[in-house]
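Note sheet for the following structure.
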Protein chains: 2
Amino acid sequence: MTIEGAIGVFDSGIGGLTVLRTLRKSLPEESFVYLGDTARVPYGNKSPETVLRFSRENVAFLMQQGVKFVVVACNTASAEAVPVLQEEFPVPIVGVLEPGVRAALKATENNRIGVIGTAGTIRSDAYQKRIRELNPKVKVTARACPLFVPLVEEGWTDSDVTRMVATTYLDDLRDEGIDALVLGCTHYPLLRDVIGRVMGDSVTLVDSAVETAREVRRALEADAMLRSGGTPDLSIYLTDVTPNFTEVGERILGDKIRDVRLLAV
Amino acid sequence: MTIEGAIGVFDSGIGGLTVLRTLRKSLPEESFVYLGDTARVPYGNKSPETVLRFSRENVAFLMQQGVKFVVVACNTASAEAVPVLQEEFPVPIVGVLEPGVRAALKATENNRIGVIGTAGTIRSDAYQKRIRELNPKVKVTARACPLFVPLVEEGWTDSDVTRMVATTYLDDLRDEGIDALVLGCTHYPLLRDVIGRVMGDSVTLVDSAVETAREVRRALEADAMLRSGGTPDLSIYLTDVTPNFTEVGERILGDKIRDVRLLAV
């Protein structure tokens, strides 16, 4: 683990490229290795044991690449695996949960926070528990939104169907009077407009990526592991390469993708 | 491979239990081994290479269980892997595609057939090609319906959202004047009512499971491998066991599920 080592990022698929994009903006001199477990995506409807097993394999692979730091971009893995991974691996690991929680606590004024995510993330109760640990006065309302990911992947980010689904999912949260909503899944920021319209202007939508990037910078600075100068590198590994990956990936990453390597799992 | 051996059935997940249910009804004296690859579900949005790799692993596992016959219940694997699997493995293998195609050709009177399925199934062009091979006069219209599986898994089999999604997906097929529609995914028969209402009474909905069960019986008879008497056995293996599997599985299978074994992949 040297200062020249890359920052490893893994996600269940390609949604985590939104997190990678924010990380690269905030840490422009760092190299990155991204691993998307596209052969086994999604994680959100699988058991905690399986999510932990896959996550372990992902971190082990990233460590083989000599990374100096690991970011778990997947919310389900952040909720269900990060504490165990932190104990098991000799590399600093952060998930998107803790930064998302802190951003939500900063944003709320009425102490009513909503959390949306996959079935696995919400069932794990990890967001809810952590928020209450940091501020027992906060009332947390959580809701699984399993159709949001397939709607984004279908490209229906602004359709009547998506608005109707969002209304069905979010009505209770609105009735609870929350003023901060954690978008607890990498895909959800792509539905920001629809979600914002259903929730109204008084609700702050919390995207964990920005806060996560800040946390990574702080942690690297504290360990004197922040790289400066040199040409940063980007490697992308996927466990399944679908025909249209480059097109979709470049749109999410906001940059050219030159080289994708297949990792068989 | 003995006459006492079980019939192996695999699917990307638990949707194939609809096929297993029909097979058990039609072959009540046979034993079955079911393998659901729930850790890597779905297959429909993955590349042909990955679907083939997973399918090979599934057949290899079933052969280790001493099965005398393999049924591929997953449409995506049927479309993308069955021909290769048939060449590679020394056991009779049938998918749901061929029986579905034959049932559709029997059902159509105006030679206009529609096919709906996952992105992978439709992209493979396997249904379309096979229908045209058997009857070049037939006009085939195909449509991927990626949101149908998540809608079924969310339990929204009869909601306004599902009706709106179905209308969006199926409008073109209706305009084409098809009179037979292949439900090319194990989950779709669970949306039969909504799909039927959008398509109208003049369109026959083809569920491959029934025709597949007939084909399996014919093949076993032809090889004198049909079992008679004895107590049939059912083993279920999953690559991931989610908390609510037994409840959901029993509903789909229409029978008690006594024992589920975990197979780590």
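Naming works like this for the structure tokens: A, B, ... for the chains as they're shown, residue 1 at the start of each chain, ligands 1 onward in shown order.
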Return as a PDB file with C-alpha atoms, in the first residue's frame the residues belonging to chain B that are within 8 Å of chain A, counting only C-alpha atoms.
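Result file out.pdb:
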ATOM      1  CA  THR B  38     -30.812 -16.777  -7.234  1.00  0.00           C
ATOM      2  CA  ALA B  39     -27.360 -15.367  -6.364  1.00  0.00           C
ATOM      3  CA  ARG B  40     -26.865 -14.231  -9.963  1.00  0.00           C
ATOM      4  CA  VAL B  41     -30.470 -13.611 -11.038  1.00  0.00           C
ATOM      5  CA  PRO B  42     -31.500 -12.137 -13.464  1.00  0.00           C
ATOM      6  CA  ASN B  45     -29.762  -8.265 -18.794  1.00  0.00           C
ATOM      7  CA  LYS B  46     -26.436 -10.100 -19.070  1.00  0.00           C
ATOM      8  CA  SER B  47     -24.233 -10.913 -22.049  1.00  0.00           C
ATOM      9  CA  THR B  50     -22.066 -14.956 -19.259  1.00  0.00           C
ATOM     10  CA  PRO B 146     -37.601  -5.482 -18.910  1.00  0.00           C
ATOM     11  CA  LEU B 147     -39.962  -4.037 -16.291  1.00  0.00           C
ATOM     12  CA  PRO B 150     -39.486  -6.481 -11.327  1.00  0.00           C
ATOM     13  CA  LEU B 151     -43.219  -5.642 -11.364  1.00  0.00           C
ATOM     14  CA  GLU B 154     -42.845  -6.330  -6.381  1.00  0.00           C
ATOM     15  CA  VAL B 161     -48.675   1.103 -12.983  1.00  0.00           C
ATOM     16  CA  MET B 164     -49.650   1.504 -17.995  1.00  0.00           C
ATOM     17  CA  VAL B 165     -46.333  -0.320 -18.505  1.00  0.00           C
ATOM     18  CA  ASP B 240     -28.887 -17.635  -2.570  1.00  0.00           C
ATOM     19  CA  VAL B 241     -31.637 -18.173  -0.027  1.00  0.00           C
ATOM     20  CA  THR B 242     -33.494 -14.951   0.724  1.00  0.00           C
ATOM     21  CA  PRO B 243     -35.480 -14.583   3.948  1.00  0.00           C
TER      22      PRO B 243
END
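All residues of protein, DNA or RNA that reach within 10 Å of Asp172 (chain B), judged by only C-alpha atoms and not counting those fewer than 3 positions away in the chain, are B:Gly114, B:Thr141, B:Ala142, B:Arg143, B:Thr167, B:Thr168, B:Tyr169, B:Asp175, B:Glu176, B:Gly177, B:Ile178.
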Margin query: as a PyMOL selection string, please: the residues near region 249-254 of chain B (cut-off 8 Å, only C-alpha atoms, same-chain neighbours under 4 positions excluded).
Written below: chain B and resi 14-15+17-18+20-21+245
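All residues of protein, DNA or RNA that reach within 8 Å of Glu211 (chain A), judged by only C-alpha atoms and not counting those fewer than 6 positions away in the chain, are Pro99, Gly100 and Ala103 of chain A.
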Margin query: as number ranges by chain, please: every residue in region 3-248 of chain B that DSSP puts in strand (DSSP E).
Written below: B: 7-11, 32-36, 69-72, 93-95, 112-117, 139-144, 180-184, 204-206, 234-238
Next item on the list: Name all residues at most 6 Å from Ile7 (chain B) (count only C-alpha atoms; drop same-chain ones fewer than 6 positions away) and give them as number ranges by chain.
Entry: B: 32, 67-70
Quick one: write out the picked residues with all heavy atoms as a PDB file, in the first residue's frame?
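Final output, out_16.pdb:
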ATOM      1  N   PHE B  32     -37.688 -34.808  -9.171  1.00  0.00           N
ATOM      2  CA  PHE B  32     -37.130 -33.594  -9.758  1.00  0.00           C
ATOM      3  C   PHE B  32     -36.034 -33.004  -8.872  1.00  0.00           C
ATOM      4  O   PHE B  32     -36.108 -33.062  -7.647  1.00  0.00           O
ATOM      5  CB  PHE B  32     -38.228 -32.534  -9.945  1.00  0.00           C
ATOM      6  CG  PHE B  32     -39.188 -32.858 -11.066  1.00  0.00           C
ATOM      7  CD1 PHE B  32     -40.350 -33.586 -10.813  1.00  0.00           C
ATOM      8  CD2 PHE B  32     -38.913 -32.459 -12.366  1.00  0.00           C
ATOM      9  CE1 PHE B  32     -41.229 -33.906 -11.847  1.00  0.00           C
ATOM     10  CE2 PHE B  32     -39.786 -32.775 -13.409  1.00  0.00           C
ATOM     11  CZ  PHE B  32     -40.939 -33.496 -13.143  1.00  0.00           C
ATOM     12  N   VAL B  67     -29.059 -36.662 -12.759  1.00  0.00           N
ATOM     13  CA  VAL B  67     -30.322 -36.493 -13.490  1.00  0.00           C
ATOM     14  C   VAL B  67     -30.281 -37.212 -14.832  1.00  0.00           C
ATOM     15  O   VAL B  67     -29.223 -37.374 -15.438  1.00  0.00           O
ATOM     16  CB  VAL B  67     -30.669 -34.996 -13.712  1.00  0.00           C
ATOM     17  CG1 VAL B  67     -30.803 -34.276 -12.382  1.00  0.00           C
ATOM     18  CG2 VAL B  67     -29.635 -34.320 -14.602  1.00  0.00           C
ATOM     19  N   LYS B  68     -31.451 -37.654 -15.302  1.00  0.00           N
ATOM     20  CA  LYS B  68     -31.526 -38.371 -16.571  1.00  0.00           C
ATOM     21  C   LYS B  68     -31.964 -37.460 -17.715  1.00  0.00           C
ATOM     22  O   LYS B  68     -31.953 -37.852 -18.880  1.00  0.00           O
ATOM     23  CB  LYS B  68     -32.499 -39.542 -16.454  1.00  0.00           C
ATOM     24  CG  LYS B  68     -33.952 -39.140 -16.166  1.00  0.00           C
ATOM     25  CD  LYS B  68     -34.848 -40.365 -16.022  1.00  0.00           C
ATOM     26  CE  LYS B  68     -36.266 -39.958 -15.662  1.00  0.00           C
ATOM     27  NZ  LYS B  68     -37.141 -41.098 -15.360  1.00  0.00           N
ATOM     28  N   PHE B  69     -32.325 -36.211 -17.361  1.00  0.00           N
ATOM     29  CA  PHE B  69     -32.899 -35.298 -18.337  1.00  0.00           C
ATOM     30  C   PHE B  69     -32.778 -33.885 -17.760  1.00  0.00           C
ATOM     31  O   PHE B  69     -32.872 -33.712 -16.551  1.00  0.00           O
ATOM     32  CB  PHE B  69     -34.387 -35.640 -18.527  1.00  0.00           C
ATOM     33  CG  PHE B  69     -34.978 -35.162 -19.826  1.00  0.00           C
ATOM     34  CD1 PHE B  69     -35.092 -36.037 -20.898  1.00  0.00           C
ATOM     35  CD2 PHE B  69     -35.412 -33.853 -19.985  1.00  0.00           C
ATOM     36  CE1 PHE B  69     -35.636 -35.607 -22.107  1.00  0.00           C
ATOM     37  CE2 PHE B  69     -35.942 -33.422 -21.190  1.00  0.00           C
ATOM     38  CZ  PHE B  69     -36.064 -34.306 -22.248  1.00  0.00           C
ATOM     39  N   VAL B  70     -32.539 -32.897 -18.617  1.00  0.00           N
ATOM     40  CA  VAL B  70     -32.449 -31.514 -18.120  1.00  0.00           C
ATOM     41  C   VAL B  70     -33.453 -30.622 -18.840  1.00  0.00           C
ATOM     42  O   VAL B  70     -33.536 -30.633 -20.074  1.00  0.00           O
ATOM     43  CB  VAL B  70     -31.028 -30.935 -18.305  1.00  0.00           C
ATOM     44  CG1 VAL B  70     -31.003 -29.428 -17.996  1.00  0.00           C
ATOM     45  CG2 VAL B  70     -30.023 -31.660 -17.412  1.00  0.00           C
TER      46      VAL B  70
END
Next item on the list: Would you list the contacts of region 180-193 of chain A as a ChimeraX atom specification, taking every protein, DNA or RNA residue within 8 Å and counting only C-alpha atoms, but skipping same-chain residues closer than 2 positions in sequence?
Entry: /A:15-16,18-19,73-76,97,100-101,104,107-108,112-118,121,148-149,152,157-158,178,195-197,203-208
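Coordinates place CA of Leu262 (chain A) at a distance of 21.2 Å from CA of Arg123 (chain B).
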Notebook entry, point to check: Do you know which residues are at most 10 Å from Val138 (chain B) counting only C-alpha atoms, after dropping those on the same chain fewer than 3 positions away, and could you put them as JSON, numbers by chain?
Noted result: {"B": [105, 108, 109, 110, 111, 112, 113, 128, 131, 132, 133, 134, 135, 141]}
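Going from CA of Gly44 (chain A) over to CA of Ala144 (chain A), you cover 9.7 Å.
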